[in-house]
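Structure below is my_file_3.csv: CSV, C-alpha atoms.
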chain,number,residue,atom,x,y,z
O,1186,MET,CA,0.0,0.0,0.0
O,1187,SER,CA,1.3,3.4,-0.9
O,1188,SER,CA,0.3,6.9,-0.1
O,1189,LYS,CA,1.2,10.3,-1.7
O,1190,LYS,CA,0.6,12.0,1.6
O,1191,SER,CA,3.7,13.2,3.4
O,1192,ILE,CA,4.2,12.1,7.0
O,1193,THR,CA,4.4,14.9,9.5
O,1194,PRO,CA,7.3,14.2,11.9
O,1195,VAL,CA,6.2,13.7,15.5
O,1196,PRO,CA,8.6,14.7,18.2
O,1197,PHE,CA,9.3,12.3,21.1
O,1198,ILE,CA,10.7,13.1,24.5
O,1199,PHE,CA,12.7,10.5,26.3
O,1200,GLU,CA,14.2,10.5,29.8
O,1201,GLN,CA,17.5,8.8,30.5
O,1202,ILE,CA,17.3,6.0,33.0
O,1203,GLY,CA,20.9,6.5,34.0
O,1204,VAL,CA,24.4,6.9,32.7
O,1205,ILE,CA,27.3,4.5,32.0
O,1206,GLU,CA,30.7,5.3,33.6
O,1207,THR,CA,33.6,4.0,31.5
O,1208,ASP,CA,37.4,4.3,31.2
O,1209,PHE,CA,37.1,6.5,28.2
O,1210,HIS,CA,37.0,10.2,29.0
O,1211,ASP,CA,37.4,11.5,25.5
O,1212,LYS,CA,36.4,10.2,22.1
O,1213,PHE,CA,39.9,9.4,20.9
O,1214,GLY,CA,40.8,5.8,21.8
O,1215,ILE,CA,37.3,4.5,22.2
O,1216,PRO,CA,36.8,1.2,20.3
O,1217,ARG,CA,34.6,1.7,17.3
O,1218,GLN,CA,32.4,-1.2,18.1
O,1219,PRO,CA,31.4,-3.1,21.3
O,1220,GLY,CA,33.3,-6.2,22.2
O,1221,LEU,CA,36.5,-5.3,20.3
O,1222,ALA,CA,38.3,-4.4,23.6
O,1223,LYS,CA,37.0,-7.0,26.0
O,1224,SER,CA,39.0,-5.5,28.9
O,1225,ALA,CA,37.1,-2.1,28.5
O,1226,ARG,CA,34.8,-2.1,31.5
O,1227,GLY,CA,32.0,0.2,32.5
O,1228,VAL,CA,29.2,0.5,35.1
O,1229,ILE,CA,25.6,1.3,34.1
O,1230,LYS,CA,24.4,3.5,37.0
O,1231,LEU,CA,20.6,3.5,36.9
O,1232,ASN,CA,18.7,6.4,38.5
O,1233,HIS,CA,17.7,5.5,42.0
O,1234,HIS,CA,14.0,4.8,41.6
O,1235,PRO,CA,12.3,1.7,43.1
O,1236,PHE,CA,10.6,0.9,39.8
O,1237,LEU,CA,14.0,0.6,38.0
O,1238,LEU,CA,15.3,-1.7,40.7
O,1239,GLN,CA,12.3,-3.9,40.4
O,1240,ALA,CA,12.6,-3.7,36.6
O,1241,LEU,CA,16.1,-5.5,36.8
O,1242,LYS,CA,14.6,-8.7,38.2
O,1243,GLY,CA,15.7,-11.6,36.1
O,1244,LEU,CA,18.4,-9.7,34.1
O,1245,ASP,CA,21.1,-11.6,36.0
O,1246,SER,CA,20.2,-14.8,34.2
O,1247,PHE,CA,21.5,-13.3,31.0
O,1248,SER,CA,25.2,-13.1,29.9
O,1249,HIS,CA,24.9,-10.0,27.7
O,1250,LEU,CA,22.6,-7.0,27.2
O,1251,TRP,CA,21.9,-4.2,24.7
O,1252,ILE,CA,22.4,-0.6,25.7
O,1253,VAL,CA,20.3,2.0,24.0
O,1254,PHE,CA,22.1,5.3,24.5
O,1255,VAL,CA,22.6,8.9,23.3
O,1256,PHE,CA,25.6,10.2,21.4
O,1257,HIS,CA,25.7,13.2,23.7
O,1258,GLN,CA,29.1,14.6,22.5
O,1259,HIS,CA,29.1,14.0,18.7
O,1260,ASP,CA,29.6,17.8,18.2
O,1261,SER,CA,27.3,18.1,15.2
O,1262,LYS,CA,24.4,20.5,14.9
O,1263,ALA,CA,23.0,18.9,11.8
O,1264,TRP,CA,23.3,15.4,10.4
O,1265,LYS,CA,24.6,14.7,6.9
O,1266,PRO,CA,23.3,11.9,4.6
O,1267,SER,CA,26.7,10.6,3.7
O,1268,ILE,CA,29.8,9.8,5.9
O,1269,ARG,CA,33.3,8.4,5.4
O,1270,PRO,CA,33.6,5.3,7.6
O,1271,PRO,CA,36.9,4.7,9.3
O,1272,ARG,CA,36.7,1.0,8.2
O,1273,LEU,CA,37.0,2.3,4.6
O,1274,GLY,CA,39.9,4.5,5.5
O,1275,GLY,CA,37.9,7.7,4.9
O,1276,ALA,CA,38.3,7.1,1.2
O,1277,LYS,CA,34.7,6.1,0.3
O,1278,LYS,CA,31.4,7.6,1.3
O,1279,VAL,CA,28.3,5.6,2.3
O,1280,GLY,CA,24.9,6.6,3.4
O,1281,VAL,CA,24.8,7.4,7.1
O,1282,LEU,CA,21.9,4.9,7.6
O,1283,ALA,CA,24.2,2.3,6.2
O,1284,SER,CA,26.7,3.0,8.9
O,1285,ARG,CA,27.0,3.2,12.7
O,1286,SER,CA,28.2,6.8,12.7
O,1287,PRO,CA,27.1,9.0,15.6
O,1288,HIS,CA,26.1,11.8,13.2
O,1289,ARG,CA,22.6,10.4,12.6
O,1290,PRO,CA,19.1,11.9,12.1
O,1291,ASN,CA,18.7,11.1,15.8
O,1292,PRO,CA,21.9,10.6,17.8
O,1293,ILE,CA,20.9,7.3,19.3
O,1294,GLY,CA,23.2,4.3,19.5
O,1295,LEU,CA,23.1,0.6,20.3
O,1296,SER,CA,25.8,-1.5,22.0
O,1297,CYS,CA,25.9,-5.1,23.1
O,1298,VAL,CA,28.1,-5.7,26.2
O,1299,LYS,CA,28.8,-8.5,28.6
O,1300,ILE,CA,27.2,-8.5,32.1
O,1301,GLU,CA,29.9,-9.0,34.8
O,1302,LYS,CA,27.7,-8.5,37.8
O,1303,ILE,CA,24.6,-6.6,39.0
O,1304,ASP,CA,24.9,-4.7,42.3
O,1305,GLY,CA,21.8,-2.9,43.3
O,1306,TYR,CA,21.3,0.0,40.7
O,1307,ASP,CA,24.7,-0.7,39.2
O,1308,ILE,CA,25.3,-3.0,36.3
O,1309,HIS,CA,28.9,-3.9,35.7
O,1310,VAL,CA,29.7,-4.6,32.1
O,1311,SER,CA,32.7,-5.3,29.8
O,1312,GLY,CA,33.5,-4.8,26.1
O,1313,VAL,CA,32.2,-1.3,26.2
O,1314,ASP,CA,32.7,1.3,23.4
O,1315,LEU,CA,31.1,4.3,25.1
O,1316,LEU,CA,32.3,7.6,26.4
O,1317,ASN,CA,32.2,8.2,30.1
O,1318,ASN,CA,28.8,9.5,31.4
O,1319,THR,CA,27.0,8.5,28.2
O,1320,PRO,CA,23.2,8.9,28.9
O,1321,VAL,CA,21.4,5.5,28.8
O,1322,LEU,CA,17.8,5.4,27.5
O,1323,ASP,CA,17.1,1.7,27.9
O,1324,ILE,CA,18.7,-1.7,28.3
O,1325,LYS,CA,17.4,-5.0,26.9
O,1326,PRO,CA,18.8,-8.6,27.4
O,1327,TYR,CA,20.7,-10.1,24.5
O,1328,VAL,CA,18.7,-13.2,23.4
O,1329,PRO,CA,20.9,-15.5,21.2
O,1330,TYR,CA,18.0,-17.3,19.4
O,1331,ALA,CA,16.8,-13.9,18.0
O,1332,ASP,CA,19.8,-11.7,18.1
O,1333,SER,CA,22.4,-14.0,16.7
O,1334,ILE,CA,22.3,-14.4,12.9
O,1335,PRO,CA,25.3,-16.4,11.7
O,1336,GLU,CA,24.4,-16.2,8.0
O,1337,ALA,CA,24.1,-12.4,8.1
O,1338,ASP,CA,26.0,-10.4,5.5
O,1339,GLY,CA,28.1,-7.6,6.9
O,1340,GLY,CA,27.9,-5.5,3.7
O,1341,TRP,CA,30.8,-3.1,3.2
O,1342,ALA,CA,32.0,-3.9,6.8
O,1343,ARG,CA,32.1,-7.7,6.2
O,1344,GLU,CA,36.0,-7.8,6.2
O,1345,GLY,CA,37.6,-8.8,9.5
O,1346,ILE,CA,39.1,-6.2,11.8
O,1347,THR,CA,42.7,-5.3,11.2
O,1348,ARG,CA,44.9,-5.2,14.2
O,1349,VAL,CA,48.4,-3.5,14.1
O,1350,PRO,CA,51.2,-5.4,15.8
O,1351,LEU,CA,52.7,-3.7,18.9
O,1352,LYS,CA,56.1,-3.4,20.5
O,1353,TYR,CA,56.9,-1.6,23.8
O,1354,SER,CA,59.9,0.3,25.1
O,1355,GLU,CA,61.3,-0.6,28.5
O,1356,GLN,CA,59.8,2.6,30.0
O,1357,ALA,CA,56.4,1.7,28.7
O,1358,LEU,CA,56.5,-1.8,30.0
O,1359,GLU,CA,57.7,-0.7,33.4
O,1360,MET,CA,54.9,1.9,33.7
O,1361,ILE,CA,52.2,-0.5,32.4
O,1362,ASP,CA,53.3,-3.1,35.0
O,1363,LYS,CA,53.3,-0.5,37.7
O,1364,VAL,CA,49.7,0.5,36.8
O,1365,ARG,CA,48.7,-3.2,36.6
O,1366,GLN,CA,49.3,-3.6,40.3
O,1367,LYS,CA,46.3,-1.3,40.9
O,1368,ASN,CA,44.4,-2.1,37.7
O,1369,PRO,CA,45.0,-5.7,36.5
O,1370,ASP,CA,43.1,-5.0,33.2
O,1371,PHE,CA,45.4,-2.1,32.2
O,1372,PRO,CA,48.0,-4.0,30.1
O,1373,LYS,CA,45.3,-5.8,28.1
O,1374,LEU,CA,43.3,-2.6,27.7
O,1375,VAL,CA,46.3,-0.7,26.3
O,1376,GLU,CA,46.9,-3.6,23.9
O,1377,GLU,CA,43.3,-3.9,22.7
O,1378,VAL,CA,42.9,-0.1,22.2
O,1379,ILE,CA,46.1,0.7,20.4
O,1380,GLU,CA,46.3,-2.4,18.2
O,1381,LEU,CA,42.9,-1.3,16.8
O,1382,ASP,CA,44.5,1.9,15.6
O,1383,PRO,CA,42.4,4.6,17.4
O,1384,ARG,CA,43.5,7.4,15.1
O,1385,PRO,CA,40.9,9.3,13.1
O,1386,ALA,CA,40.3,8.2,9.5
O,1387,SER,CA,42.0,11.4,8.3
O,1388,GLN,CA,45.3,10.4,10.0
O,1389,ARG,CA,45.0,6.8,9.0
O,1390,LYS,CA,44.8,8.0,5.4
O,1391,LYS,CA,47.6,10.5,5.7
O,1392,PHE,CA,49.9,8.3,7.6
O,1393,PRO,CA,49.4,4.6,6.7
O,1394,VAL,CA,51.3,2.2,8.9
O,1395,ASP,CA,53.0,0.6,5.9
O,1396,ALA,CA,54.0,3.9,4.2
O,1397,GLU,CA,57.7,5.0,4.3
O,1398,HIS,CA,56.8,8.6,5.0
O,1399,SER,CA,54.8,7.6,8.1
O,1400,GLN,CA,57.8,6.0,9.8
O,1401,GLY,CA,58.7,7.9,12.9
O,1402,THR,CA,55.4,9.7,13.2
O,1403,ARG,CA,54.1,9.9,16.8
O,1404,PHE,CA,50.7,9.9,18.3
O,1405,GLY,CA,49.1,9.7,21.7
O,1406,ALA,CA,45.8,8.8,23.4
O,1407,GLN,CA,44.4,8.9,26.9
O,1408,ILE,CA,43.6,5.5,28.5
O,1409,LEU,CA,42.3,5.9,32.0
O,1410,GLU,CA,44.4,8.7,33.6
O,1411,TRP,CA,47.4,7.8,31.4
O,1412,ASP,CA,48.7,9.2,28.2
O,1413,VAL,CA,49.8,6.3,26.0
O,1414,ARG,CA,52.3,7.5,23.3
O,1415,TRP,CA,53.3,5.5,20.3
O,1416,GLU,CA,55.1,5.9,16.9
O,1417,ILE,CA,55.0,4.1,13.6
O,1418,LYS,CA,58.2,2.2,13.5
O,1419,ASP,CA,59.1,-0.6,11.1
O,1420,ARG,CA,55.5,-0.7,10.0
O,1421,ILE,CA,54.1,-1.5,13.4
O,1422,PHE,CA,53.1,0.6,16.4
O,1423,TYR,CA,55.9,1.1,18.9
O,1424,ILE,CA,54.6,2.3,22.3
O,1425,PHE,CA,57.5,4.3,23.6
O,1426,GLU,CA,56.1,6.1,26.6
O,1427,VAL,CA,53.3,5.9,29.2
O,1428,VAL,CA,52.9,9.0,31.3
O,1429,VAL,CA,50.3,10.7,33.5
O,1430,PHE,CA,47.7,12.4,31.5
O,1431,ASP,CA,48.5,16.2,31.4
O,1432,GLY,CA,45.0,17.4,30.5
O,1433,LYS,CA,45.8,18.5,27.0
O,1434,PRO,CA,42.8,18.3,24.6
O,1435,PRO,CA,42.7,15.2,22.4
O,1436,GLN,CA,43.5,17.0,19.2
O,1437,LYS,CA,46.8,18.1,20.8
O,1438,ARG,CA,47.7,14.6,22.0
O,1439,MET,CA,46.7,12.9,18.7
O,1440,ALA,CA,48.4,15.4,16.5
O,1441,PRO,CA,51.2,13.6,14.7
O,1442,LYS,CA,54.8,14.5,15.4
O,1443,ARG,CA,57.9,13.4,13.6
O,1444,GLN,CA,60.6,11.7,15.8
O,1445,ASP,CA,63.2,13.6,13.8
O,1446,GLY,CA,61.2,16.9,13.9
O,1447,PRO,CA,58.8,18.4,11.3
O,1448,LYS,CA,59.7,18.3,7.7

Starting from the file, lay out its structure as structure tokens.
Amino acid sequence: MSSKKSITPVPFIFEQIGVIETDFHDKFGIPRQPGLAKSARGVIKLNHHPFLLQALKGLDSFSHLWIVFVFHQHDSKAWKPSIRPPRLGGAKKVGVLASRSPHRPNPIGLSCVKIEKIDGYDIHVSGVDLLNNTPVLDIKPYVPYADSIPEADGGWAREGITRVPLKYSEQALEMIDKVRQKNPDFPKLVEEVIELDPRPASQRKKFPVDAEHSQGTRFGAQILEWDVRWEIKDRIFYIFEVVVFDGKPPQKRMAPKRQDGPK
């Protein structure tokens, strides 16, 4: 059935049921999909309302859940119909509705995460890909018989995820081990985040890992309260330094620098 009448948009108002606290305090370094960094942990902190506590009954029998959330810091006043996905190196455009870009008609996202434990109003999860204090609109249990589709086609994103090999300096290894004593997940989190190449698509395109002109180019990203710094060396990522985060904005930390100075 078809109709020539246009549909008048109807506004909807939603109230968040809580927020999720995560290890990611800026957008740089956040895994681009849930589950890619299994050591990335978070806590869904529901609003303290007795109805919400009652609504959690039975959720602890599931291993995973879906988070319906708001992209609250995507920094875009208007959405665009086409985007350049990082998976395509920023070289090809696709329709925004054929992507998982945050710059959507409505800035709503969906992530599947693993339930670690439920403690009152707090749901501890892992495999998160969300910015700290992301507003949560709803949660739903992951149901394998309905949500898992082994024969599904991944479209332009069907290729496997590329992970860049890593090496570490002695300083980096010593600092990572020191942090590990208080946070056992830190070494694995650093590995999972950096090997996924957290750089923006523009930097990936300008400084490919395997390009000669990229060798010696340095980058940095915040992980927890630490600034993890690496360079492209011998066509891999060499993590040369881990230092206390100095509060610089992400564009300053991620700005590429040549080891031998600008050219």

Per-residue nearest contacts stretch 1366-1431 of chain O to stretch 1209-1215 of chain O, cut-off 8 Å, using only C-alpha atoms, as CSV:
residue,atom,partner,partner_atom,distance
O:Val1378,CA,O:Gly1214,CA,6.3
O:Ile1379,CA,O:Gly1214,CA,7.5
O:Pro1383,CA,O:Gly1214,CA,4.8
O:Arg1384,CA,O:Phe1213,CA,7.1
O:Pro1385,CA,O:Phe1213,CA,7.9
O:Ala1406,CA,O:Gly1214,CA,6.0
O:Gln1407,CA,O:Gly1214,CA,7.0
O:Ile1408,CA,O:Phe1209,CA,6.6
O:Leu1409,CA,O:Phe1209,CA,6.5

Q: Find the residue from O:Pro1320, O:Gly1227, O:Gly1220, O:Gly1280 that sits nearest to O:Gln1258; use only C-alpha atoms when measuring.
A: O:Pro1320

Q: Quick one: everything within 10 Å of O:Asp1412, counting all atoms listed in the file, minus sequence neighbours fewer than 2 positions away in the same chain. Send it as a ChimeraX atom specification.
A: /O:1405-1410,1414-1415,1426-1433,1438

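Between atom CA of O:Lys1265 and atom CA of O:Val1281 the separation is 7.3 Å.
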
Q. Nearest to O:Lys1352 among O:Pro1287, O:Leu1316, O:Arg1365, O:Phe1425, with distances taken over only C-alpha atoms: which residue is it?
A. O:Phe1425

Q. Pick the closest to O:Phe1256 from O:Asp1314, O:Asp1419, O:Glu1301, O:Glu1355: which is it, counting all atoms listed in the file?
A.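 Residue with the minimum atom-to-atom distance to O:Phe1256: O:Asp1314.
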
**Q.** Nearest to O:Tyr1306 by atom-to-atom distance, counting all atoms listed in the file, from O:Lys1230, O:His1249, O:Arg1217, O:Lys1223
**A.**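 Going through O:Lys1230, O:His1249, O:Arg1217, O:Lys1223 one by one, the smallest distance to O:Tyr1306 is for O:Lys1230.
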
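In this structure, atom CA of O:Asn1318 sits 21.7 Å away from atom CA of O:Pro1235.
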
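Atom pair atom CA of O:Gln1218 / atom CA of O:Phe1247 has a distance of 20.8 Å (rounded to one decimal).
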
Q: Compare O:Leu1381, O:Ile1424, O:Ala1263, O:Ile1300 by their minimum atom-to-atom distance to O:Met1360, counting all atoms listed in the file, and give me the closest one.
A: O:Ile1424

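Proximity of O:Trp1341, O:Phe1422, O:Trp1411, O:Tyr1327 to O:Ser1248, computed with all atoms listed in the file, is greatest for O:Tyr1327.
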
Q: Show me as an MDAnalysis selection string the residues that reach within 9 Å of (38.9, 9.6, 8.2), counting all atoms listed in the file and using the file's own coordinates.
A: chainID O and resid 1269:1276 1384:1390

Q: Please determine the residues with any atom at most 10 Å from (23.4, 11.2, 5.2) (coordinates as given in the file, with only C-alpha atoms counting) and report them as a list of chain:residue names.
A: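 Checking each residue against the 10 Å limit leaves O:Trp1264, O:Lys1265, O:Pro1266, O:Ser1267, O:Ile1268, O:Lys1278, O:Val1279, O:Gly1280, O:Val1281, O:Leu1282, O:Ala1283, O:Ser1284, O:Ser1286, O:His1288, O:Arg1289, O:Pro1290.
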
How big is the axis-aligned box around all listed atoms of stretch 1348-1361 of chain O once 8 Å goes on each side, and where's its centre, in Å to one decimal, as lines of an AutoDock Vina configuration file?
center_x = 53.1
center_y = -1.4
center_z = 23.9
size_x = 32.4
size_y = 24.0
size_z = 35.6
